[in-house]
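What's in query-v1.cif: mmCIF, C-alpha atoms
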```cif
data_run
#
loop_
_atom_site.label_atom_id
_atom_site.label_comp_id
_atom_site.auth_asym_id
_atom_site.auth_seq_id
_atom_site.Cartn_x
_atom_site.Cartn_y
_atom_site.Cartn_z
CA MET A 92 -63.31 -15.98 108.27
CA ASN A 93 -66.25 -16.48 110.68
CA LYS A 94 -66.60 -19.55 112.86
CA LEU A 95 -69.23 -21.22 110.64
CA VAL A 96 -67.10 -20.96 107.49
CA ALA A 97 -64.05 -22.22 109.37
CA LEU A 98 -65.97 -25.21 110.72
CA VAL A 99 -67.30 -26.10 107.25
CA SER A 100 -63.76 -25.88 105.85
CA VAL A 101 -62.40 -28.25 108.49
CA ILE A 102 -65.21 -30.73 107.86
CA LEU A 103 -64.54 -30.63 104.10
CA VAL A 104 -60.83 -31.22 104.61
CA ILE A 105 -61.44 -34.14 106.97
CA THR A 106 -64.06 -35.63 104.65
CA ALA A 107 -61.79 -35.33 101.61
CA SER A 108 -58.89 -36.88 103.51
CA THR A 109 -61.05 -39.75 104.72
CA VAL A 110 -62.37 -40.44 101.21
CA GLY A 111 -58.81 -40.34 99.91
CA ILE A 112 -57.68 -42.87 102.52
CA ILE A 113 -60.59 -45.18 101.70
CA ILE A 114 -59.89 -44.97 97.98
CA TYR A 115 -56.19 -45.63 98.63
CA MET A 116 -56.87 -48.62 100.86
CA ASN A 117 -59.33 -50.11 98.39
CA GLY A 118 -56.65 -49.89 95.73
CA GLN A 119 -54.20 -51.93 97.79
CA ASN A 120 -53.98 -55.68 98.18
CA SER A 121 -55.31 -56.99 101.45
CA ASP A 122 -53.32 -59.59 103.32
CA ASN A 123 -56.50 -61.66 103.21
CA ASP A 124 -56.94 -61.60 99.42
CA THR A 125 -57.19 -65.06 97.86
CA ILE A 126 -57.06 -66.41 94.33
CA THR A 127 -58.05 -69.74 92.82
CA VAL A 128 -55.38 -71.67 90.94
CA THR A 129 -55.17 -75.12 89.36
CA ASP A 130 -52.42 -77.61 90.21
CA MET A 131 -50.83 -80.35 88.07
CA LEU A 132 -53.66 -82.72 88.98
CA GLY A 133 -56.16 -80.28 87.49
CA GLU A 134 -57.64 -79.54 90.91
CA SER A 135 -58.68 -76.00 91.76
CA VAL A 136 -57.46 -74.65 95.08
CA GLU A 137 -58.11 -71.33 96.79
CA VAL A 138 -54.85 -69.90 98.09
CA LYS A 139 -53.63 -66.70 99.66
CA LYS A 140 -52.51 -64.12 97.12
CA ASN A 141 -48.79 -63.35 97.38
CA PRO A 142 -48.19 -66.14 99.95
CA GLU A 143 -45.47 -65.42 102.48
CA HIS A 144 -44.67 -68.79 104.07
CA VAL A 145 -44.33 -71.52 101.46
CA ALA A 146 -43.19 -75.10 102.10
CA CYS A 147 -41.42 -76.53 99.02
CA VAL A 148 -41.90 -80.21 99.84
CA SER A 149 -41.91 -80.95 96.10
CA ARG A 150 -38.24 -80.98 95.12
CA THR A 151 -38.91 -79.35 91.77
CA THR A 152 -40.08 -76.05 93.28
CA TYR A 153 -37.32 -74.71 95.52
CA ASP A 154 -34.65 -73.46 93.14
CA LEU A 155 -37.11 -71.97 90.65
CA LEU A 156 -38.82 -69.88 93.32
CA VAL A 157 -35.46 -68.64 94.57
CA ALA A 158 -34.39 -67.89 90.98
CA PHE A 159 -37.55 -65.84 90.44
CA GLY A 160 -36.76 -63.71 93.50
CA LEU A 161 -39.11 -65.40 95.95
CA GLY A 162 -36.59 -66.85 98.39
CA ASP A 163 -37.87 -64.66 101.22
CA ARG A 164 -41.34 -66.17 100.73
CA ILE A 165 -40.09 -69.70 101.40
CA ASP A 166 -40.40 -71.25 104.87
CA GLY A 167 -38.62 -74.51 104.05
CA ALA A 168 -37.83 -77.14 101.44
CA TYR A 169 -37.37 -80.88 101.01
CA ALA A 170 -34.44 -81.89 103.24
CA PRO A 171 -32.21 -83.71 100.66
CA LEU A 172 -31.93 -80.48 98.66
CA PHE A 173 -29.74 -79.11 101.43
CA ASP A 174 -27.28 -82.01 101.03
CA ASN A 175 -26.07 -80.30 97.86
CA ASP A 176 -23.11 -78.04 98.72
CA TRP A 177 -23.92 -75.70 95.83
CA THR A 178 -27.23 -74.72 97.44
CA SER A 179 -25.68 -72.61 100.20
CA ILE A 180 -23.28 -70.99 97.73
CA LEU A 181 -25.99 -70.06 95.25
CA TYR A 182 -28.37 -68.95 97.99
CA PRO A 183 -26.71 -68.31 101.37
CA ASP A 184 -30.10 -67.61 102.97
CA SER A 185 -30.98 -71.28 102.44
CA SER A 186 -29.60 -71.76 105.97
CA LYS A 187 -32.70 -69.95 107.23
CA HIS A 188 -35.05 -72.44 105.62
CA TYR A 189 -36.54 -75.42 107.43
CA ALA A 190 -35.64 -78.93 106.17
CA TYR A 191 -38.88 -80.84 105.58
CA GLY A 192 -39.36 -84.57 105.19
CA TYR A 193 -41.19 -86.10 102.22
CA GLU A 194 -44.43 -86.25 104.21
CA PRO A 195 -44.32 -83.49 106.83
CA SER A 196 -47.08 -83.50 109.41
CA HIS A 197 -49.86 -80.99 109.12
CA GLU A 198 -49.28 -80.08 112.77
CA LEU A 199 -45.73 -78.98 111.95
CA LEU A 200 -46.82 -76.95 108.94
CA LEU A 201 -49.60 -75.24 110.88
CA GLN A 202 -47.24 -74.56 113.77
CA ARG A 203 -44.83 -72.89 111.36
CA ASN A 204 -47.64 -70.73 109.96
CA VAL A 205 -47.23 -72.11 106.42
CA ASP A 206 -49.80 -70.63 104.05
CA LEU A 207 -49.04 -72.81 101.00
CA VAL A 208 -47.55 -76.27 100.52
CA PHE A 209 -46.13 -77.57 97.23
CA CYS A 210 -46.54 -81.36 97.37
CA PRO A 211 -44.97 -84.07 95.16
CA GLU A 212 -47.86 -86.57 95.19
CA LYS A 213 -51.65 -86.61 95.29
CA TYR A 214 -52.04 -88.45 98.59
CA ILE A 215 -49.80 -85.92 100.33
CA THR A 216 -51.69 -83.03 98.74
CA ASP A 217 -55.04 -84.50 99.79
CA GLY A 218 -53.82 -85.06 103.34
CA MET A 219 -52.79 -81.43 103.66
CA LYS A 220 -56.15 -80.20 102.36
CA GLU A 221 -58.03 -82.40 104.82
CA HIS A 222 -56.38 -80.45 107.64
CA GLY A 223 -57.14 -77.03 106.24
CA LEU A 224 -53.84 -76.31 104.51
CA ALA A 225 -53.67 -74.80 101.03
CA ALA A 226 -51.78 -77.44 99.03
CA LEU A 227 -50.86 -77.77 95.36
CA ASN A 228 -49.45 -80.77 93.55
CA VAL A 229 -46.28 -79.88 91.62
CA SER A 230 -44.53 -83.02 90.41
CA LEU A 231 -41.70 -84.20 88.19
CA TYR A 232 -44.26 -86.39 86.45
CA GLY A 233 -47.00 -85.26 84.08
CA ASN A 234 -50.15 -86.85 82.72
CA PRO A 235 -50.13 -88.21 80.11
CA LYS A 236 -46.73 -86.64 79.35
CA PHE A 237 -44.58 -83.98 80.99
CA GLU A 238 -44.36 -81.77 77.90
CA SER A 239 -47.46 -79.78 78.88
CA TYR A 240 -45.99 -78.96 82.29
CA VAL A 241 -42.52 -77.67 81.42
CA PHE A 242 -43.52 -74.09 82.26
CA PHE A 243 -46.23 -74.93 84.77
CA LEU A 244 -44.46 -73.72 87.92
CA ALA A 245 -43.06 -70.64 86.17
CA ASP A 246 -46.54 -69.57 85.09
CA LEU A 247 -47.93 -70.45 88.51
CA ALA A 248 -45.37 -68.20 90.19
CA LYS A 249 -46.58 -65.23 88.15
CA THR A 250 -50.16 -66.00 89.15
CA LEU A 251 -49.46 -66.52 92.85
CA TRP A 252 -47.17 -63.50 93.29
CA PRO A 253 -48.53 -60.83 90.92
CA ASP A 254 -47.51 -57.99 93.21
CA VAL A 255 -43.93 -58.99 93.97
CA GLU A 256 -41.60 -56.81 91.93
CA GLY A 257 -39.43 -58.54 89.36
CA VAL A 258 -41.08 -61.96 89.44
CA ALA A 259 -42.90 -61.67 86.11
CA GLU A 260 -39.80 -60.34 84.35
CA LYS A 261 -37.58 -63.16 85.65
CA VAL A 262 -40.17 -65.81 84.79
CA ASP A 263 -40.55 -64.52 81.24
CA ALA A 264 -36.78 -64.30 80.72
CA TRP A 265 -36.20 -67.86 81.99
CA LYS A 266 -39.02 -69.25 79.85
CA ALA A 267 -37.66 -67.53 76.76
CA GLU A 268 -34.15 -68.90 77.35
CA PHE A 269 -35.41 -72.44 77.84
CA GLN A 270 -37.83 -72.31 74.90
CA THR A 271 -35.03 -71.14 72.62
CA ILE A 272 -32.92 -74.21 73.46
CA ILE A 273 -35.94 -76.51 73.08
CA ASP A 274 -36.72 -75.10 69.63
CA GLU A 275 -33.10 -75.27 68.47
CA VAL A 276 -32.74 -78.89 69.54
CA LYS A 277 -36.02 -79.87 67.89
CA ASP A 278 -35.24 -78.09 64.63
CA THR A 279 -31.70 -79.44 64.39
CA LEU A 280 -32.62 -83.06 65.07
CA GLU A 281 -35.63 -82.97 62.74
CA SER A 282 -33.28 -82.00 59.91
CA LYS A 283 -31.04 -85.00 60.60
CA SER A 284 -31.44 -88.74 60.25
CA TYR A 285 -30.32 -90.69 63.31
CA SER A 286 -31.07 -94.20 64.44
CA GLU A 287 -32.78 -94.08 67.83
CA LYS A 288 -30.49 -95.01 70.71
CA SER A 289 -31.67 -96.24 74.09
CA VAL A 290 -30.88 -94.23 77.24
CA TYR A 291 -30.85 -95.46 80.82
CA TYR A 292 -30.80 -92.83 83.57
CA VAL A 293 -29.20 -93.57 86.95
CA ARG A 294 -30.80 -91.41 89.61
CA GLY A 295 -28.08 -90.54 92.07
CA ASP A 296 -29.67 -88.02 94.40
CA LYS A 297 -29.95 -91.03 96.73
CA ASN A 298 -27.50 -93.90 97.00
CA ARG A 299 -29.77 -96.68 95.77
CA GLY A 300 -27.43 -98.19 93.22
CA ILE A 301 -27.56 -98.53 89.45
CA ASN A 302 -31.09 -99.88 89.84
CA TYR A 303 -32.66 -96.50 90.62
CA THR A 304 -34.14 -94.48 87.76
CA ASP A 305 -37.10 -92.41 86.56
CA THR A 306 -40.18 -93.90 84.97
CA GLY A 307 -42.28 -92.68 82.07
CA LYS A 308 -44.21 -89.39 82.17
CA SER A 309 -41.20 -87.79 83.86
CA PHE A 310 -39.31 -84.62 83.03
CA ASN A 311 -36.34 -86.82 82.14
CA GLU A 312 -38.39 -88.81 79.66
CA TYR A 313 -39.48 -85.53 78.04
CA ILE A 314 -35.89 -84.29 77.71
CA PHE A 315 -34.42 -87.50 76.33
CA GLU A 316 -37.28 -88.08 73.90
CA LEU A 317 -36.78 -84.49 72.77
CA LEU A 318 -33.17 -85.51 72.16
CA GLY A 319 -34.34 -88.30 69.87
CA THR A 320 -33.59 -91.24 72.17
CA LYS A 321 -35.59 -94.07 73.66
CA PHE A 322 -35.97 -93.51 77.40
CA LEU A 323 -35.78 -96.95 79.02
CA GLY A 324 -37.42 -95.85 82.25
CA ASN A 325 -40.66 -95.69 80.31
CA THR A 326 -40.51 -99.27 79.03
CA MET A 327 -39.32 -100.68 82.37
CA GLY A 328 -42.18 -99.07 84.23
CA LYS A 329 -40.45 -99.15 87.63
CA SER A 330 -38.28 -96.67 89.51
CA GLN A 331 -36.18 -99.61 90.78
CA PRO A 332 -35.93 -102.17 87.95
CA SER A 333 -34.11 -105.43 88.49
CA THR A 334 -30.52 -105.91 87.36
CA GLU A 335 -31.79 -108.52 84.91
CA ALA A 336 -34.19 -106.02 83.35
CA ILE A 337 -31.42 -103.46 82.84
CA LEU A 338 -29.06 -106.05 81.35
CA GLU A 339 -31.79 -107.29 79.04
CA ALA A 340 -32.56 -103.73 77.88
CA ASP A 341 -28.83 -103.26 77.18
CA PRO A 342 -28.78 -99.43 77.09
CA GLN A 343 -26.58 -97.83 74.46
CA ILE A 344 -26.21 -94.66 76.55
CA ILE A 345 -26.18 -94.24 80.34
CA VAL A 346 -26.58 -90.85 82.00
CA MET A 347 -25.90 -90.32 85.69
CA GLY A 348 -27.09 -87.50 87.95
CA GLY A 349 -27.26 -86.43 91.58
CA ILE A 350 -24.66 -86.11 94.31
CA TYR A 351 -23.87 -89.86 94.24
CA GLN A 352 -23.26 -90.02 90.48
CA HIS A 353 -19.48 -90.45 90.71
CA THR A 354 -19.75 -93.19 93.32
CA LEU A 355 -22.30 -94.96 91.14
CA LYS A 356 -20.23 -94.43 87.99
CA ASN A 357 -17.33 -96.16 89.70
CA THR A 358 -19.61 -99.11 90.47
CA LEU A 359 -20.85 -99.19 86.90
CA THR A 360 -17.35 -99.24 85.42
CA THR A 361 -15.67 -101.61 87.89
CA ASP A 362 -18.39 -104.13 88.76
CA ALA A 363 -18.25 -107.09 86.38
CA THR A 364 -22.06 -107.25 86.46
CA TRP A 365 -22.23 -104.35 84.01
CA GLU A 366 -19.15 -104.95 81.84
CA ASN A 367 -21.06 -106.28 78.82
CA VAL A 368 -23.62 -103.49 78.69
CA SER A 369 -23.27 -101.63 75.38
CA ALA A 370 -22.94 -98.19 77.02
CA VAL A 371 -20.15 -99.45 79.27
CA LYS A 372 -18.27 -101.15 76.43
CA SER A 373 -18.43 -98.01 74.26
CA ASN A 374 -17.81 -95.67 77.20
CA SER A 375 -21.07 -93.87 76.43
CA ILE A 376 -21.57 -92.85 80.06
CA TYR A 377 -22.28 -89.20 80.76
CA ASN A 378 -22.42 -87.15 83.92
CA ILE A 379 -25.25 -84.68 84.50
CA GLY A 380 -24.54 -81.30 86.01
CA ILE A 381 -25.54 -80.18 89.49
CA GLY A 382 -26.70 -76.65 90.20
CA PHE A 383 -29.05 -75.61 92.95
CA SER A 384 -30.36 -79.16 92.57
CA PRO A 385 -29.55 -82.01 90.15
CA MET A 386 -30.03 -80.46 86.73
CA GLU A 387 -32.20 -83.33 85.51
CA GLN A 388 -34.79 -82.46 88.16
CA MET A 389 -36.91 -79.76 86.49
CA GLY A 390 -35.66 -76.39 87.71
CA ALA A 391 -33.77 -73.19 87.05
CA PHE A 392 -30.84 -75.03 85.43
CA SER A 393 -32.95 -77.02 82.96
CA PRO A 394 -31.89 -74.95 79.91
CA VAL A 395 -28.23 -75.77 80.65
CA PHE A 396 -29.12 -79.44 81.21
CA LEU A 397 -30.73 -79.74 77.78
CA ALA A 398 -27.90 -77.90 76.03
CA ASP A 399 -25.26 -79.99 77.80
CA MET A 400 -26.95 -83.28 76.90
CA ALA A 401 -27.31 -82.14 73.28
CA ASN A 402 -23.57 -81.42 73.16
CA LYS A 403 -22.72 -84.83 74.63
CA LEU A 404 -25.09 -86.97 72.59
CA TYR A 405 -24.56 -85.12 69.28
CA PRO A 406 -21.09 -83.52 69.42
CA ASP A 407 -21.03 -82.94 65.65
CA ASP A 408 -24.28 -80.98 65.65
CA PHE A 409 -24.37 -78.99 68.87
CA HIS A 410 -21.71 -76.67 70.24
CA TYR A 411 -23.40 -74.79 73.05
CA ASP A 412 -21.07 -72.79 75.27
CA THR A 413 -22.52 -74.33 78.42
CA THR A 414 -19.87 -72.71 80.60
CA ALA A 415 -21.00 -69.25 79.50
CA MET A 416 -24.65 -70.26 79.78
CA LEU A 417 -24.14 -71.49 83.30
CA LYS A 418 -22.23 -68.40 84.40
CA ASN A 419 -24.91 -66.10 82.98
CA LEU A 420 -27.70 -68.09 84.63
CA CYS A 421 -26.03 -68.02 88.04
CA GLN A 422 -25.40 -64.28 87.82
CA ASN A 423 -28.85 -63.33 86.45
CA TYR A 424 -30.96 -65.45 88.79
CA PHE A 425 -28.81 -65.99 91.88
CA GLY A 426 -26.43 -63.02 91.84
CA LEU A 427 -23.42 -65.36 91.90
CA ILE A 428 -20.37 -64.77 89.71
CA LEU A 429 -18.88 -68.17 88.86
CA THR A 430 -15.37 -68.79 87.64
CA ASP A 431 -14.84 -71.03 84.62
CA GLN A 432 -13.44 -73.64 86.98
CA GLN A 433 -16.53 -73.57 89.21
CA ALA A 434 -18.76 -73.86 86.14
CA GLY A 435 -16.76 -76.90 85.07
CA TYR A 436 -17.26 -78.50 88.47
CA MET A 437 -21.00 -77.94 88.24
CA LEU A 438 -21.26 -79.36 84.73
CA ASN A 439 -19.39 -82.47 85.79
CA GLY A 440 -21.59 -83.09 88.81
CA LEU A 441 -18.88 -82.19 91.30
CA GLY A 442 -18.98 -80.09 94.46
CA PRO A 443 -17.58 -76.57 94.89
CA ASP A 444 -14.15 -78.02 95.82
CA GLY A 445 -13.99 -80.09 92.65
CA ASN A 446 -14.63 -83.37 94.45
CA PRO A 447 -17.68 -85.67 94.45
CA MET A 448 -20.22 -84.60 97.07
CA ALA A 449 -20.98 -88.15 98.21
#
```
Render the structure in this file as structure tokens.
Amino acid sequence: MNKLVALVSVILVITASTVGIIIYMNGQNSDNDTITVTDMLGESVEVKKNPEHVACVSRTTYDLLVAFGLGDRIDGAYAPLFDNDWTSILYPDSSKHYAYGYEPSHELLLQRNVDLVFCPEKYITDGMKEHGLAALNVSLYGNPKFESYVFFLADLAKTLWPDVEGVAEKVDAWKAEFQTIIDEVKDTLESKSYSEKSVYYVRGDKNRGINYTDTGKSFNEYIFELLGTKFLGNTMGKSQPSTEAILEADPQIIVMGGIYQHTLKNTLTTDATWENVSAVKSNSIYNIGIGFSPMEQMGAFSPVFLADMANKLYPDDFHYDTTAMLKNLCQNYFGLILTDQQAGYMLNGLGPDGNPMA
């Protein structure tokens, strides 16, 4: 081979290699790629594709993202979520996550290199945007109802992280499981004839007494209307109704959630103020399970929440094996193998040691 032929051969090899590299690089996702998504307020926001440092200030986002395999993309979450002793058991790496307040400062988020913030309210979302942060509203309240938003975050996760392996499969599996329970409850109750009973929900993730609940448009309203009941939080219109308003409404069923539920249940059953309420007289008071977060707060454990409430409100019509459901969910989405005893603790709103958490 003469020198000219050899030189041409080297040039061709280098050129081909360079073209190959360029083609390869163009086929990959750049760290600077962005996509436009719409939040629960209907507002379009440009965000980084496959975000790596997410702040889950909205309490309804943390456990679902972890369940979908995105825990390593989370920078931090709403601080009260870490008060739940099950969180560290279900996801030991939660200890690496920052505990954010309800309204974290933009300076803190920028300092921590957060590239996406999930916010619970519009004014918080707007404040983040004003300071150059990508922020999306993801709330436990819908408009005009929550029904249209049951799978909102799940679908959003697939859109935001299209290149993270396993996310789409986990999202689709979770949606299918939840939709199956929804359809079964709807079909069963539509075939029956029940008089509508009123339900009052005591929100016990904070110790604010019996007078702390959810209003209309909430995930809870959606679930309990799906269960054929009248959700009193809707008619009361306040998250902290007066004692007089609750007594006047005279709920036939009371459901209690959060880490303070057993403390509040003791108040409800021993304080003479509530002794003439129909639910108290008939002992129609039900605990709500606690998983990664209170099960009544839209999240990974929502299918179990619906099945468990169906069992409790209509014991003659529903016989879901919620223990098995819970064990399968924990293993499939969190890699945790629960015992039957642990599952029982969860379903009864108790901590990992079988005692109330607050």
How close does each residue of segment 171-283 of chain A get to segment 387-407 of chain A, giving the shortest atom pair and distance in Å to one decimal for every residue with an atom at most 9 Å away, counting all atoms listed in the file, sorted by chain and residue number, as a Markdown table?
```
| residue | atom | partner | partner_atom | distance |
| --- | --- | --- | --- | --- |
| A:Leu231 | CA | A:Met389 | CA | 6.7 |
| A:Val241 | CA | A:Met389 | CA | 7.8 |
| A:Trp265 | CA | A:Ala391 | CA | 7.7 |
| A:Glu268 | CA | A:Pro394 | CA | 6.9 |
| A:Phe269 | CA | A:Pro394 | CA | 4.8 |
| A:Gln270 | CA | A:Pro394 | CA | 8.2 |
| A:Thr271 | CA | A:Pro394 | CA | 8.8 |
| A:Ile272 | CA | A:Pro394 | CA | 6.6 |
| A:Ile273 | CA | A:Leu397 | CA | 7.7 |
| A:Val276 | CA | A:Ala401 | CA | 7.4 |
```
Q) What residues come out when you apply the PyMOL selection byres ((chain A and resi 189-193) around 7) to this file, written as number ranges by chain? A) A: 148, 166-170, 187-188, 194-195
**Q.** Residues matched by the PyMOL selection byres ((chain A and resi 313-328) around 6), written as JSON, numbers by chain
**A.** {"A": [287, 288, 289, 290, 291, 305, 306, 307, 310, 311, 312, 329]}
Q.
Measuring between only C-alpha atoms, which one of A:Gly233, A:Leu280, A:Tyr292, A:Phe243 shows the shortest distance to Val262 of chain A?
A. A:Phe243
Q | Spatial neighbours of Gly295 of chain A, max dist 9 Å, all atoms listed in the file, sep filter under 5 positions, as a VMD selection string | A | chain A and resid 300 to 301 303 to 304 347 to 355 385
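If you measure from each of A:Val128, A:Val255, A:Lys372, A:Ile345 to Arg294 of chain A using all atoms listed in the file, the closest one turns out to be A:Ile345.
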Please complete segment 210-232 of chain A so it has N, CA, C and O atoms, and hand it over as a compact mmCIF listing (two decimals), in the coordinates of the input.
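To be explicit, this is the file written out as result_11.txt:
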```
# COMPACT_ATOMS: atom_id res chain seq x y z
N CYS A 210 -46.67 -79.94 97.05
CA CYS A 210 -46.54 -81.36 97.37
C CYS A 210 -46.18 -82.17 96.13
O CYS A 210 -46.61 -81.85 95.02
N PRO A 211 -45.41 -83.28 96.30
CA PRO A 211 -44.97 -84.07 95.16
C PRO A 211 -45.98 -85.12 94.69
O PRO A 211 -45.87 -85.61 93.57
N GLU A 212 -46.94 -85.50 95.55
CA GLU A 212 -47.86 -86.57 95.19
C GLU A 212 -49.28 -86.25 95.66
O GLU A 212 -49.48 -85.49 96.62
N LYS A 213 -50.25 -86.89 95.02
CA LYS A 213 -51.65 -86.61 95.29
C LYS A 213 -52.04 -86.92 96.73
O LYS A 213 -52.72 -86.13 97.39
N TYR A 214 -51.60 -88.07 97.25
CA TYR A 214 -52.04 -88.45 98.59
C TYR A 214 -51.52 -87.48 99.64
O TYR A 214 -52.18 -87.22 100.66
N ILE A 215 -50.34 -86.91 99.40
CA ILE A 215 -49.80 -85.92 100.33
C ILE A 215 -50.60 -84.61 100.22
O ILE A 215 -50.97 -84.00 101.23
N THR A 216 -50.90 -84.22 98.98
CA THR A 216 -51.69 -83.03 98.74
C THR A 216 -53.05 -83.15 99.41
O THR A 216 -53.52 -82.23 100.10
N ASP A 217 -53.71 -84.28 99.21
CA ASP A 217 -55.04 -84.50 99.79
C ASP A 217 -55.00 -84.46 101.32
O ASP A 217 -55.90 -83.90 101.96
N GLY A 218 -53.95 -85.05 101.88
CA GLY A 218 -53.82 -85.06 103.34
C GLY A 218 -53.69 -83.66 103.91
O GLY A 218 -54.25 -83.34 104.98
N MET A 219 -52.95 -82.81 103.20
CA MET A 219 -52.79 -81.43 103.66
C MET A 219 -54.13 -80.69 103.60
O MET A 219 -54.50 -79.96 104.53
N LYS A 220 -54.86 -80.88 102.52
CA LYS A 220 -56.15 -80.20 102.36
C LYS A 220 -57.14 -80.62 103.44
O LYS A 220 -57.92 -79.80 103.93
N GLU A 221 -57.10 -81.90 103.81
CA GLU A 221 -58.03 -82.40 104.82
C GLU A 221 -57.84 -81.69 106.16
O GLU A 221 -58.76 -81.66 106.99
N HIS A 222 -56.66 -81.13 106.37
CA HIS A 222 -56.38 -80.45 107.64
C HIS A 222 -56.33 -78.93 107.47
O HIS A 222 -55.73 -78.23 108.28
N GLY A 223 -56.97 -78.46 106.41
CA GLY A 223 -57.14 -77.03 106.24
C GLY A 223 -55.99 -76.27 105.65
O GLY A 223 -55.98 -75.03 105.67
N LEU A 224 -54.98 -76.98 105.12
CA LEU A 224 -53.84 -76.31 104.51
C LEU A 224 -54.06 -76.14 103.01
O LEU A 224 -54.59 -77.02 102.34
N ALA A 225 -53.65 -75.00 102.48
CA ALA A 225 -53.67 -74.80 101.03
C ALA A 225 -52.51 -75.60 100.44
O ALA A 225 -51.35 -75.37 100.80
N ALA A 226 -52.81 -76.55 99.57
CA ALA A 226 -51.78 -77.44 99.03
C ALA A 226 -51.97 -77.63 97.54
O ALA A 226 -53.09 -77.80 97.06
N LEU A 227 -50.86 -77.60 96.81
CA LEU A 227 -50.86 -77.77 95.36
C LEU A 227 -49.90 -78.87 94.97
O LEU A 227 -48.81 -78.96 95.51
N ASN A 228 -50.32 -79.72 94.05
CA ASN A 228 -49.45 -80.77 93.55
C ASN A 228 -48.56 -80.22 92.43
O ASN A 228 -49.06 -79.72 91.42
N VAL A 229 -47.25 -80.27 92.64
CA VAL A 229 -46.28 -79.88 91.62
C VAL A 229 -45.26 -81.00 91.56
O VAL A 229 -44.45 -81.17 92.47
N SER A 230 -45.28 -81.77 90.49
CA SER A 230 -44.53 -83.02 90.41
C SER A 230 -43.53 -83.01 89.27
O SER A 230 -43.60 -82.18 88.36
N LEU A 231 -42.61 -83.98 89.31
CA LEU A 231 -41.70 -84.20 88.19
C LEU A 231 -42.29 -85.15 87.16
O LEU A 231 -41.62 -85.57 86.23
N TYR A 232 -43.56 -85.48 87.35
CA TYR A 232 -44.26 -86.39 86.45
C TYR A 232 -45.54 -85.75 85.96
O TYR A 232 -46.28 -85.15 86.74
```
